[in-house]
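As stored in model-v1.cif (mmCIF, C-alpha atoms; chains and numbers go by the auth columns):
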data_work
#
loop_
_atom_site.group_PDB
_atom_site.id
_atom_site.type_symbol
_atom_site.label_atom_id
_atom_site.label_comp_id
_atom_site.label_asym_id
_atom_site.label_seq_id
_atom_site.Cartn_x
_atom_site.Cartn_y
_atom_site.Cartn_z
_atom_site.B_iso_or_equiv
_atom_site.auth_seq_id
_atom_site.auth_asym_id
ATOM 1 C CA MET A 1 0.000 0.000 0.000 0.00 195 E
ATOM 2 C CA THR A 2 1.864 3.076 -1.178 0.00 196 E
ATOM 3 C CA ASP A 3 -0.917 5.412 -2.306 0.00 197 E
ATOM 4 C CA LEU A 4 -0.524 7.658 0.742 0.00 198 E
ATOM 5 C CA PRO A 5 -0.560 11.323 -0.275 0.00 199 E
ATOM 6 C CA ASP A 6 2.623 13.323 0.165 0.00 200 E
ATOM 7 C CA ILE A 7 3.104 13.740 3.901 0.00 201 E
ATOM 8 C CA ALA A 8 5.901 16.281 3.562 0.00 202 E
ATOM 9 C CA ALA A 9 3.316 19.028 4.174 0.00 203 E
ATOM 10 C CA LEU A 10 3.104 17.818 7.760 0.00 204 E
ATOM 11 C CA ALA A 11 6.835 18.155 8.409 0.00 205 E
ATOM 12 C CA ALA A 12 8.836 21.325 8.867 0.00 206 E
ATOM 13 C CA PRO A 13 11.603 22.018 6.343 0.00 207 E
ATOM 14 C CA CYS A 14 14.131 20.716 8.869 0.00 208 E
ATOM 15 C CA GLY A 15 12.324 17.343 8.903 0.00 209 E
ATOM 16 C CA VAL A 16 10.850 17.708 12.380 0.00 210 E
ATOM 17 C CA LEU A 17 7.461 16.090 12.917 0.00 211 E
ATOM 18 C CA ILE A 18 4.616 18.551 13.408 0.00 212 E
ATOM 19 C CA GLU A 19 1.769 16.864 15.225 0.00 213 E
ATOM 20 C CA GLY A 20 -1.731 17.574 13.972 0.00 214 E
ATOM 21 C CA GLY A 21 -3.772 17.134 10.855 0.00 215 E
ATOM 22 C CA ALA A 22 -4.445 18.503 7.406 0.00 216 E
ATOM 23 C CA LYS A 23 -6.790 17.817 4.504 0.00 217 E
ATOM 24 C CA ALA A 24 -5.055 15.985 1.668 0.00 218 E
ATOM 25 C CA GLY A 25 -7.133 15.531 -1.478 0.00 219 E
ATOM 26 C CA ALA A 26 -10.061 13.233 -0.687 0.00 220 E
ATOM 27 C CA GLY A 27 -8.474 12.288 2.636 0.00 221 E
ATOM 28 C CA HIS A 28 -7.096 13.636 5.871 0.00 222 E
ATOM 29 C CA LEU A 29 -3.610 13.176 7.339 0.00 223 E
ATOM 30 C CA TYR A 30 -2.856 13.302 11.055 0.00 224 E
ATOM 31 C CA ALA A 31 0.731 13.119 12.307 0.00 225 E
ATOM 32 C CA LEU A 32 1.854 11.877 15.722 0.00 226 E
ATOM 33 C CA ARG A 33 4.798 10.308 17.507 0.00 227 E
ATOM 34 C CA VAL A 34 4.846 7.094 19.572 0.00 228 E
ATOM 35 C CA PHE A 35 5.723 8.031 23.152 0.00 229 E
ATOM 36 C CA TYR A 36 6.996 5.845 25.980 0.00 230 E
ATOM 37 C CA GLU A 37 3.501 5.809 27.525 0.00 231 E
ATOM 38 C CA ASP A 38 2.182 4.227 24.291 0.00 232 E
ATOM 39 C CA THR A 39 4.456 1.185 24.501 0.00 233 E
ATOM 40 C CA ASP A 40 4.767 -2.025 26.439 0.00 234 E
ATOM 41 C CA LEU A 41 7.954 -3.263 28.084 0.00 235 E
ATOM 42 C CA SER A 42 9.464 -4.284 24.742 0.00 236 E
ATOM 43 C CA GLY A 43 9.029 -0.808 23.222 0.00 237 E
ATOM 44 C CA VAL A 44 6.181 -1.896 20.921 0.00 238 E
ATOM 45 C CA ALA A 45 3.036 0.247 20.814 0.00 239 E
ATOM 46 C CA TYR A 46 0.155 -1.352 22.712 0.00 240 E
ATOM 47 C CA HIS A 47 -2.601 -2.392 20.278 0.00 241 E
ATOM 48 C CA ALA A 48 -5.354 -0.360 21.975 0.00 242 E
ATOM 49 C CA ASN A 49 -3.457 2.874 21.306 0.00 243 E
ATOM 50 C CA TYR A 50 -4.422 2.621 17.643 0.00 244 E
ATOM 51 C CA LEU A 51 -8.016 3.227 18.795 0.00 245 E
ATOM 52 C CA LYS A 52 -6.912 6.494 20.444 0.00 246 E
ATOM 53 C CA TRP A 53 -4.826 7.548 17.447 0.00 247 E
ATOM 54 C CA PHE A 54 -7.654 6.817 15.007 0.00 248 E
ATOM 55 C CA GLU A 55 -10.089 8.750 17.248 0.00 249 E
ATOM 56 C CA ARG A 56 -7.762 11.760 17.371 0.00 250 E
ATOM 57 C CA ALA A 57 -7.487 11.729 13.584 0.00 251 E
ATOM 58 C CA ARG A 58 -11.287 11.504 13.166 0.00 252 E
ATOM 59 C CA SER A 59 -11.813 14.321 15.686 0.00 253 E
ATOM 60 C CA ASP A 60 -9.288 16.488 13.865 0.00 254 E
ATOM 61 C CA LEU A 61 -10.977 15.766 10.520 0.00 255 E
ATOM 62 C CA VAL A 62 -14.401 16.698 11.917 0.00 256 E
ATOM 63 C CA ARG A 63 -12.959 19.932 13.326 0.00 257 E
ATOM 64 C CA LEU A 64 -11.309 20.790 9.981 0.00 258 E
ATOM 65 C CA LEU A 65 -14.663 20.230 8.255 0.00 259 E
ATOM 66 C CA GLY A 66 -16.171 22.913 10.486 0.00 260 E
ATOM 67 C CA ILE A 67 -18.315 20.503 12.492 0.00 261 E
ATOM 68 C CA ASP A 68 -18.708 21.676 16.101 0.00 262 E
ATOM 69 C CA GLN A 69 -19.515 18.504 18.024 0.00 263 E
ATOM 70 C CA ARG A 70 -19.257 20.211 21.412 0.00 264 E
ATOM 71 C CA ALA A 71 -21.884 22.807 20.449 0.00 265 E
ATOM 72 C CA ALA A 72 -24.191 20.024 19.229 0.00 266 E
ATOM 73 C CA VAL A 73 -23.812 18.134 22.504 0.00 267 E
ATOM 74 C CA GLU A 74 -24.362 21.279 24.573 0.00 268 E
ATOM 75 C CA ALA A 75 -27.478 22.118 22.509 0.00 269 E
ATOM 76 C CA GLY A 76 -28.859 18.616 23.154 0.00 270 E
ATOM 77 C CA GLU A 77 -28.694 17.628 19.475 0.00 271 E
ATOM 78 C CA GLY A 78 -26.375 14.652 19.786 0.00 272 E
ATOM 79 C CA ALA A 79 -22.913 13.525 18.734 0.00 273 E
ATOM 80 C CA TYR A 80 -21.001 10.951 16.729 0.00 274 E
ATOM 81 C CA ALA A 81 -20.282 7.625 18.415 0.00 275 E
ATOM 82 C CA VAL A 82 -18.359 4.658 17.050 0.00 276 E
ATOM 83 C CA ALA A 83 -20.915 2.016 16.090 0.00 277 E
ATOM 84 C CA GLU A 84 -18.575 -0.456 14.408 0.00 278 E
ATOM 85 C CA MET A 85 -14.836 -0.902 13.944 0.00 279 E
ATOM 86 C CA HIS A 86 -12.675 -3.591 12.405 0.00 280 E
ATOM 87 C CA ILE A 87 -8.878 -3.333 12.707 0.00 281 E
ATOM 88 C CA ARG A 88 -6.213 -5.341 10.916 0.00 282 E
ATOM 89 C CA TYR A 89 -2.701 -4.999 12.311 0.00 283 E
ATOM 90 C CA ALA A 90 0.095 -5.374 9.741 0.00 284 E
ATOM 91 C CA ALA A 91 3.298 -4.303 11.538 0.00 285 E
ATOM 92 C CA PRO A 92 4.223 -2.906 14.960 0.00 286 E
ATOM 93 C CA ALA A 93 4.780 0.736 15.829 0.00 287 E
ATOM 94 C CA ARG A 94 7.715 1.285 18.177 0.00 288 E
ATOM 95 C CA LEU A 95 8.888 3.886 20.643 0.00 289 E
ATOM 96 C CA ASP A 96 9.673 7.240 18.961 0.00 290 E
ATOM 97 C CA ASP A 97 8.267 6.238 15.534 0.00 291 E
ATOM 98 C CA GLU A 98 6.698 9.037 13.510 0.00 292 E
ATOM 99 C CA LEU A 99 3.220 7.952 12.403 0.00 293 E
ATOM 100 C CA VAL A 100 0.661 9.358 10.011 0.00 294 E
ATOM 101 C CA ILE A 101 -3.003 8.399 10.203 0.00 295 E
ATOM 102 C CA HIS A 102 -4.680 8.614 6.783 0.00 296 E
ATOM 103 C CA THR A 103 -8.482 8.880 6.948 0.00 297 E
ATOM 104 C CA LEU A 104 -10.741 8.496 3.931 0.00 298 E
ATOM 105 C CA PRO A 105 -14.497 9.058 4.196 0.00 299 E
ATOM 106 C CA GLU A 106 -16.026 6.124 2.326 0.00 300 E
ATOM 107 C CA ASP A 107 -19.805 6.452 2.581 0.00 301 E
ATOM 108 C CA ILE A 108 -22.223 8.988 4.037 0.00 302 E
ATOM 109 C CA GLY A 109 -25.597 7.803 5.266 0.00 303 E
ATOM 110 C CA ALA A 110 -28.503 9.625 6.839 0.00 304 E
ATOM 111 C CA ALA A 111 -27.321 8.779 10.356 0.00 305 E
ATOM 112 C CA SER A 112 -23.761 7.520 9.907 0.00 306 E
ATOM 113 C CA VAL A 113 -20.434 7.921 8.122 0.00 307 E
ATOM 114 C CA ARG A 114 -18.122 5.069 7.114 0.00 308 E
ATOM 115 C CA LEU A 115 -14.402 5.754 7.031 0.00 309 E
ATOM 116 C CA VAL A 116 -11.224 3.864 6.234 0.00 310 E
ATOM 117 C CA GLN A 117 -8.279 4.736 8.448 0.00 311 E
ATOM 118 C CA ARG A 118 -4.699 3.595 7.960 0.00 312 E
ATOM 119 C CA ALA A 119 -1.728 4.091 10.272 0.00 313 E
ATOM 120 C CA PHE A 120 1.641 4.442 8.531 0.00 314 E
ATOM 121 C CA ARG A 121 5.168 4.732 9.884 0.00 315 E
ATOM 122 C CA ARG A 122 7.296 7.429 8.258 0.00 316 E
ATOM 123 C CA GLU A 123 10.838 6.316 7.561 0.00 317 E
ATOM 124 C CA GLY A 124 12.711 9.279 6.100 0.00 318 E
ATOM 125 C CA GLN A 125 12.684 9.165 2.316 0.00 319 E
ATOM 126 C CA GLN A 126 11.505 5.516 2.266 0.00 320 E
ATOM 127 C CA PRO A 127 7.892 4.733 1.305 0.00 321 E
ATOM 128 C CA PRO A 128 5.599 4.766 4.361 0.00 322 E
ATOM 129 C CA VAL A 129 5.014 1.385 6.045 0.00 323 E
ATOM 130 C CA LEU A 130 1.411 0.308 6.719 0.00 324 E
ATOM 131 C CA LEU A 131 0.990 -0.592 10.405 0.00 325 E
ATOM 132 C CA ALA A 132 -2.774 -0.980 10.765 0.00 326 E
ATOM 133 C CA GLN A 133 -5.994 -0.434 8.842 0.00 327 E
ATOM 134 C CA ALA A 134 -9.456 0.132 10.277 0.00 328 E
ATOM 135 C CA GLN A 135 -12.932 0.254 8.785 0.00 329 E
ATOM 136 C CA VAL A 136 -15.033 2.492 11.024 0.00 330 E
ATOM 137 C CA ARG A 137 -18.693 3.443 11.112 0.00 331 E
ATOM 138 C CA VAL A 138 -19.615 6.390 13.288 0.00 332 E
ATOM 139 C CA GLY A 139 -23.289 7.015 13.924 0.00 333 E
ATOM 140 C CA PHE A 140 -24.987 10.195 15.008 0.00 334 E
ATOM 141 C CA VAL A 141 -26.849 9.562 18.257 0.00 335 E
ATOM 142 C CA ALA A 142 -29.284 11.644 20.279 0.00 336 E
ATOM 143 C CA PRO A 143 -28.516 12.412 23.937 0.00 337 E
ATOM 144 C CA ASP A 144 -30.588 9.349 24.913 0.00 338 E
ATOM 145 C CA GLY A 145 -28.244 7.149 22.819 0.00 339 E
ATOM 146 C CA ARG A 146 -30.689 6.433 20.014 0.00 340 E
ATOM 147 C CA PRO A 147 -29.611 6.849 16.388 0.00 341 E
ATOM 148 C CA ARG A 148 -30.857 9.951 14.620 0.00 342 E
ATOM 149 C CA ARG A 149 -30.237 11.740 11.339 0.00 343 E
ATOM 150 C CA GLN A 150 -27.030 13.714 11.398 0.00 344 E
ATOM 151 C CA PRO A 151 -27.392 17.440 10.731 0.00 345 E
ATOM 152 C CA ALA A 152 -27.670 18.271 7.030 0.00 346 E
ATOM 153 C CA ALA A 153 -24.728 20.679 7.289 0.00 347 E
ATOM 154 C CA TRP A 154 -22.545 17.877 8.658 0.00 348 E
ATOM 155 C CA ARG A 155 -23.500 15.559 5.803 0.00 349 E
ATOM 156 C CA ALA A 156 -22.767 18.362 3.346 0.00 350 E
ATOM 157 C CA ALA A 157 -19.352 18.942 4.953 0.00 351 E
ATOM 158 C CA PHE A 158 -18.416 15.281 4.432 0.00 352 E
ATOM 159 C CA ALA A 159 -19.873 15.336 0.896 0.00 353 E
ATOM 160 C CA SER A 160 -17.816 18.409 -0.009 0.00 354 E
ATOM 161 C CA PHE A 161 -14.727 16.577 1.249 0.00 355 E
ATOM 162 C CA GLY A 162 -14.981 14.201 -1.700 0.00 356 E
ATOM 163 C CA HIS A 163 -15.982 10.908 -0.084 0.00 357 E
ATOM 164 C CA LYS A 164 -16.835 9.270 -3.423 0.00 358 E
ATOM 165 C CA ALA A 165 -13.230 9.551 -4.587 0.00 359 E
ATOM 166 C CA ALA A 166 -12.132 7.791 -1.420 0.00 360 E
ATOM 167 C CA THR A 167 -13.735 4.414 -2.113 0.00 361 E
ATOM 168 C CA PRO A 168 -10.971 1.833 -1.676 0.00 362 E
ATOM 169 C CA ASN A 169 -9.997 -0.499 -4.486 0.00 363 E
ATOM 170 C CA PRO A 170 -11.413 -3.972 -3.599 0.00 364 E
ATOM 171 C CA THR A 171 -8.464 -5.702 -5.287 0.00 365 E
ATOM 172 C CA GLU A 172 -5.922 -3.817 -3.187 0.00 366 E
ATOM 173 C CA THR A 173 -4.357 -5.608 -0.241 0.00 367 E
ATOM 174 C CA PRO A 174 -3.140 -3.468 2.635 0.00 368 E
#

Would you put the structure from the file into structure tokens?
Amino acid sequence: MTDLPDIAALAAPCGVLIEGGAKAGAGHLYALRVFYEDTDLSGVAYHANYLKWFERARSDLVRLLGIDQRAAVEAGEGAYAVAEMHIRYAAPARLDDELVIHTLPEDIGAASVRLVQRAFRREGQQPPVLLAQAQVRVGFVAPDGRPRRQPAAWRAAFASFGHKAATPNPTETP
């Protein structure tokens, strides 16, 4: 899997990792570093940390799309919640690795959004190495926890982000 957009935009000219996210074509890139707290005794990132990293990337994407989840919660409208997630681990992340989470909106429904998220390790000028891939469905839920239609403006924000171009190739193996 080498179709990751150019991640140089997330690094300073001196090559230092800048943590945070940016829109990249039909996707979103979110950079981070593996810290000591993320690892087990052997220096390998604990598997559950990918859930946190994927959540941070999704939250950053939503913020960049202009979606104010906090305001929606405070107004009693609801919020996104993970309804389904499948993760395939391909290689380990290790202490001090520079990672990039690539998020592609795949499908927008009335009450949910499906996304594909991939975690890559940056290795200088080498092609990025796929570490994990997740298929995620987030649903919009009312304060009582029941599914409800997501706000039209939120659906439009995802639609304007180009989700149709992000449909993965079914013949591609991560």

Extract, using all atoms listed in the file, all DNA, RNA and protein residues at most 12 Å from stretch 226-229 of chain E, discarding same-chain residues fewer than 3 positions from it, and format them as a ChimeraX atom specification.
-> /E:204-205,210-215,223,232-234,237-240,243-244,246-248,250-251,286-296,313-316

Which residues come within 12 Å of E:Glu249, counting only C-alpha atoms, excluding same-chain residues fewer than 2 positions away, as number ranges by chain?
-> E: 224, 242-247, 251-256, 274-276, 279, 295-297, 309, 311-313, 328, 330-332

Report as an MDAnalysis selection string the residues that result from applying the PyMOL selection byres ((chain E and resi 260) around 12) to the structure here.
-> chainID E and resid 253:259 261:265 347:352 354:355

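Atom pair atom CA of E:Asp301 / atom CA of E:Ala285 has a distance of 27.0 Å (rounded to one decimal).
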
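Using only C-alpha atoms, the contacts of E:Asp338 at a cut-off of 12 Å, with sequence neighbours closer than 4 positions omitted, comprise E:Val267, E:Gly270, E:Glu271, E:Gly272, E:Ala273, E:Phe334, E:Arg342.
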
Next, dump the selected residues to file, keeping only C-alpha atoms, as a PDB file, in the coordinates of the input.
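Now in part36.pdb:
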ATOM      1  CA  VAL E 267     -23.812  18.134  22.504  1.00  0.00           C
ATOM      2  CA  GLY E 270     -28.859  18.616  23.154  1.00  0.00           C
ATOM      3  CA  GLU E 271     -28.694  17.628  19.475  1.00  0.00           C
ATOM      4  CA  GLY E 272     -26.375  14.652  19.786  1.00  0.00           C
ATOM      5  CA  ALA E 273     -22.913  13.525  18.734  1.00  0.00           C
ATOM      6  CA  PHE E 334     -24.987  10.195  15.008  1.00  0.00           C
ATOM      7  CA  ARG E 342     -30.857   9.951  14.620  1.00  0.00           C
TER       8      ARG E 342
END

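The interatomic distance for the pair atom CA of E:Gln327 and atom CA of E:Val310 works out to 7.3 Å.
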
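Here atom CA of E:Gln329 and atom CA of E:Ser306 stand 13.1 Å from one another.
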
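Comparing E:Glu317, E:Glu231, E:Glu268, E:Glu300 by their smallest distance to E:Pro337, the closest is E:Glu268 (using only C-alpha atoms).
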
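If only C-alpha atoms are the atoms counted, then among E:Ala284, E:Ala277, E:Leu235, E:Ala326 the closest residue to E:Gly339 is E:Ala277.
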
Looking at E:Gln344, E:Ala220, E:Ala266, E:Tyr230, which one is nearest to E:Pro299, with distances taken over all atoms listed in the file?
-> E:Ala220
